[in-house]
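S.K.: Quick one: this structure, given as structure tokens, is what I'll be asking you about.
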Amino acid sequence: MHGKLIQHLQSFHHFNADEIALIKDCFEPVEYPKNTIIEGKVSVPVHLYYIVSGYLRLFHTDEKGNEITTHINCPPGFFTSYFHFINQTKSDENVECITDCKLLRITKENLDRLTLESSAMKDFSISVFHQSITYNENRSKELSTLNAEQRYLQLLKNYPEIIQFVPVQYIASFLGMKPESLSRIRRKLIN
């Protein structure tokens, strides 16, 4: 599983053989079945995950008991309750496997070790942080400026495969709408 991660990292920065060996040492391969919560709310996130295959979601429960999906990640990529992982604070969010997942995980301690011992990993971590900020800003803008149909079409444009793997109720929640609204939009687009 490390090959996919190394290829991903090498597409952004050059890593020498010692750095690659350190990366392989720090990232632990794990597999989880679908519907498994791998990081629970009211605890400090233990791991940052690299998704080799499968889909994860980040969600919290509102005051009415509804699950609100705040993030769905399409593989490959990194995933966790990022703010809480970096700051080592208790999260109000859960990380759940939507599908069966093959992941590589790293602890905060090992991530810090990697960024101290590898300048390429430090540069890569900074670029991931910038990508995360840009993604969140774009998502906030889309939620406030696009209507429901436009948000759905934007999601299909950027991640067309998501419809095959992620249940409608998670997609609807992620897009800020009820599943019935998303079903109406989908029927309208088909007709």
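We name chains A, B, ... following the order of the structure tokens; residues begin at 1 in each chain, and ligands are numbered from 1 as shown.
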List as a PyMOL selection string the protein and nucleic acid residues near segment 141-153 of chain A, meaning an atom at most 8 Å away when only C-alpha atoms are counted, but skip any in the same chain fewer than 6 places from it.
M.R.: chain A and resi 175-177+182+185
S.K.: Counting only C-alpha atoms, give me one row per residue of segment 73-130 of chain A with an atom at most 8 Å from an atom of segment 36-52 of chain A, showing the shortest contact pair and its distance in Å to one decimal, sorted by chain then residue number, as CSV.
M.R.:
```
residue,atom,partner,partner_atom,distance
A:Pro75,CA,A:Ile51,CA,5.4
A:Pro76,CA,A:Ile51,CA,5.1
A:Gly77,CA,A:Ile51,CA,5.4
A:Phe78,CA,A:Tyr50,CA,4.4
A:Phe79,CA,A:Tyr49,CA,5.1
A:Thr80,CA,A:Leu48,CA,5.3
A:Ser81,CA,A:Pro45,CA,6.7
A:Tyr82,CA,A:Leu48,CA,7.8
A:His84,CA,A:Pro45,CA,6.5
A:Phe85,CA,A:Pro45,CA,5.1
A:Gln88,CA,A:Val44,CA,5.8
A:Thr89,CA,A:Val44,CA,5.2
A:Lys90,CA,A:Val44,CA,4.3
A:Ser91,CA,A:Lys41,CA,5.3
A:Asp92,CA,A:Lys41,CA,4.6
A:Glu93,CA,A:Lys41,CA,4.7
A:Asn94,CA,A:Gly40,CA,4.6
A:Val95,CA,A:Glu39,CA,5.0
A:Glu96,CA,A:Ile37,CA,4.2
A:Cys97,CA,A:Thr36,CA,5.3
A:Ile98,CA,A:Thr36,CA,7.7
A:Cys101,CA,A:Ile51,CA,7.4
A:Lys102,CA,A:Val52,CA,5.4
A:Leu103,CA,A:Ile51,CA,4.8
A:Leu104,CA,A:Tyr50,CA,5.0
A:Arg105,CA,A:Tyr49,CA,4.4
A:Ile106,CA,A:His47,CA,5.3
A:Thr107,CA,A:His47,CA,4.7
A:Lys108,CA,A:His47,CA,6.6
```
S.K.: Using DSSP assignments from the backbone, pull out every residue in chain A that falls under strand (DSSP E or B) and give it to me as a ChimeraX atom specification.
M.R.: /A:28-32,37-39,43,47-53,56-61,67-73,77-79,91,94-97,101-107
S.K.: Given only C-alpha atoms as the basis, pick out the residue of A:Phe59, A:Tyr135, A:Lys122, A:Arg187 nearest to His71 of chain A.
M.R.: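 Of A:Phe59, A:Tyr135, A:Lys122, A:Arg187, the one nearest His71 of chain A, counting only C-alpha atoms, is A:Phe59.
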S.K.: Nearest to Lys178 of chain A: which of A:Met1, A:Ile68, A:Ile190, A:Leu58 is it, counting only C-alpha atoms?
M.R.: A:Ile68
S.K.: Taking the backbone alone, and naming residues the way the document does, which bits of chain A are helix (DSSP H, G or I) by DSSP, as a PyMOL selection string?
M.R.: chain A and resi 2-10+17-26+82-87+108-117+119-145+148-158+162-165+168-174+179-190
S.K.: Atom CA of Thr70 of chain A and atom CA of Pro33 of chain A, how far apart in Å?
M.R.: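 Calculated distance between atom CA of Pro33 of chain A and atom CA of Thr70 of chain A is 21.0 Å.
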S.K.: With only C-alpha atoms as the counted atoms, please give the residues lying no more than 12 Å from Thr115 of chain A, apart from itself and same-chain residues fewer than 2 positions off, as a list in words.
M.R.: Glu19, Leu22, Ile23, Cys26, Lys108, Glu109, Asn110, Leu111, Asp112, Arg113, Glu117, Ser118, Ser119, Ala120, Met121, Lys122, Asp123, Phe124, Ser125 and Ile126 of chain A
S.K.: Please, could you write that set of residues out with N, CA and C atoms as a PDB file, in the first residue's frame?
M.R.:
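Now in selection_21.pdb:
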```pdb
ATOM      1  N   GLU A  19      14.403   9.205   3.153  1.00  0.00           N
ATOM      2  CA  GLU A  19      13.099   9.792   3.467  1.00  0.00           C
ATOM      3  C   GLU A  19      11.967   8.800   3.162  1.00  0.00           C
ATOM      4  N   LEU A  22      11.820   6.268   5.863  1.00  0.00           N
ATOM      5  CA  LEU A  22      11.221   6.863   7.061  1.00  0.00           C
ATOM      6  C   LEU A  22       9.702   6.970   6.910  1.00  0.00           C
ATOM      7  N   ILE A  23       9.248   7.371   5.733  1.00  0.00           N
ATOM      8  CA  ILE A  23       7.807   7.467   5.458  1.00  0.00           C
ATOM      9  C   ILE A  23       7.156   6.092   5.619  1.00  0.00           C
ATOM     10  N   CYS A  26       6.821   5.202   9.221  1.00  0.00           N
ATOM     11  CA  CYS A  26       5.878   6.012  10.015  1.00  0.00           C
ATOM     12  C   CYS A  26       4.411   5.769   9.653  1.00  0.00           C
ATOM     13  N   LYS A 108       0.300  11.835  15.165  1.00  0.00           N
ATOM     14  CA  LYS A 108       0.816  13.219  15.192  1.00  0.00           C
ATOM     15  C   LYS A 108       2.304  13.211  15.535  1.00  0.00           C
ATOM     16  N   GLU A 109       2.673  12.377  16.472  1.00  0.00           N
ATOM     17  CA  GLU A 109       4.083  12.279  16.869  1.00  0.00           C
ATOM     18  C   GLU A 109       4.963  11.884  15.681  1.00  0.00           C
ATOM     19  N   ASN A 110       4.540  10.878  14.918  1.00  0.00           N
ATOM     20  CA  ASN A 110       5.322  10.458  13.755  1.00  0.00           C
ATOM     21  C   ASN A 110       5.286  11.483  12.634  1.00  0.00           C
ATOM     22  N   LEU A 111       4.163  12.184  12.473  1.00  0.00           N
ATOM     23  CA  LEU A 111       4.109  13.240  11.464  1.00  0.00           C
ATOM     24  C   LEU A 111       5.082  14.356  11.824  1.00  0.00           C
ATOM     25  N   ASP A 112       5.116  14.734  13.084  1.00  0.00           N
ATOM     26  CA  ASP A 112       6.067  15.756  13.534  1.00  0.00           C
ATOM     27  C   ASP A 112       7.499  15.297  13.307  1.00  0.00           C
ATOM     28  N   ARG A 113       7.758  14.031  13.590  1.00  0.00           N
ATOM     29  CA  ARG A 113       9.092  13.464  13.369  1.00  0.00           C
ATOM     30  C   ARG A 113       9.474  13.537  11.892  1.00  0.00           C
ATOM     31  N   GLU A 117      12.604  15.652  10.265  1.00  0.00           N
ATOM     32  CA  GLU A 117      13.729  14.934   9.680  1.00  0.00           C
ATOM     33  C   GLU A 117      13.780  15.009   8.153  1.00  0.00           C
ATOM     34  N   SER A 118      12.709  15.498   7.525  1.00  0.00           N
ATOM     35  CA  SER A 118      12.665  15.551   6.060  1.00  0.00           C
ATOM     36  C   SER A 118      12.161  16.924   5.611  1.00  0.00           C
ATOM     37  N   SER A 119      13.026  17.677   4.976  1.00  0.00           N
ATOM     38  CA  SER A 119      12.595  18.995   4.484  1.00  0.00           C
ATOM     39  C   SER A 119      11.558  18.844   3.371  1.00  0.00           C
ATOM     40  N   ALA A 120      11.659  17.773   2.587  1.00  0.00           N
ATOM     41  CA  ALA A 120      10.667  17.543   1.534  1.00  0.00           C
ATOM     42  C   ALA A 120       9.299  17.268   2.156  1.00  0.00           C
ATOM     43  N   MET A 121       9.282  16.500   3.250  1.00  0.00           N
ATOM     44  CA  MET A 121       8.009  16.215   3.914  1.00  0.00           C
ATOM     45  C   MET A 121       7.456  17.480   4.564  1.00  0.00           C
ATOM     46  N   LYS A 122       8.318  18.317   5.094  1.00  0.00           N
ATOM     47  CA  LYS A 122       7.871  19.589   5.665  1.00  0.00           C
ATOM     48  C   LYS A 122       7.227  20.450   4.575  1.00  0.00           C
ATOM     49  N   ASP A 123       7.883  20.545   3.420  1.00  0.00           N
ATOM     50  CA  ASP A 123       7.323  21.310   2.299  1.00  0.00           C
ATOM     51  C   ASP A 123       5.998  20.706   1.839  1.00  0.00           C
ATOM     52  N   PHE A 124       5.942  19.383   1.760  1.00  0.00           N
ATOM     53  CA  PHE A 124       4.707  18.722   1.346  1.00  0.00           C
ATOM     54  C   PHE A 124       3.589  18.997   2.342  1.00  0.00           C
ATOM     55  N   SER A 125       3.892  18.913   3.633  1.00  0.00           N
ATOM     56  CA  SER A 125       2.885  19.170   4.666  1.00  0.00           C
ATOM     57  C   SER A 125       2.333  20.583   4.572  1.00  0.00           C
ATOM     58  N   ILE A 126       3.192  21.524   4.290  1.00  0.00           N
ATOM     59  CA  ILE A 126       2.744  22.910   4.113  1.00  0.00           C
ATOM     60  C   ILE A 126       1.826  23.016   2.901  1.00  0.00           C
TER      61      ILE A 126
END
```
S.K.: When you look at Ser127 of chain A with a cut-off of 12 Å (counting only C-alpha atoms), what residues show up, excluding the ones that are within fewer than 6 positions of it in the same chain? I need them as a PyMOL selection string.
M.R.: chain A and resi 9+12-13+120-121+133-134
S.K.: So how many Å separate atom CA of Asn136 of chain A and atom CA of Phe174 of chain A, to one decimal?
M.R.: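 Computing the Euclidean distance for atom CA of Asn136 of chain A and atom CA of Phe174 of chain A yields 12.6 Å.
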S.K.: How far is it from atom CA of Glu28 of chain A to atom CA of Leu114 of chain A, in Å with one decimal?
M.R.: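 For atom CA of Glu28 of chain A relative to atom CA of Leu114 of chain A, the distance reads 13.7 Å.
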S.K.: For Pro167 of chain A, find every residue with an atom within 10 Å (counting only C-alpha atoms), except residues of its own chain fewer than 3 positions away, and show them as number ranges by chain.
M.R.: A: 98-99, 162-164, 170-172, 179
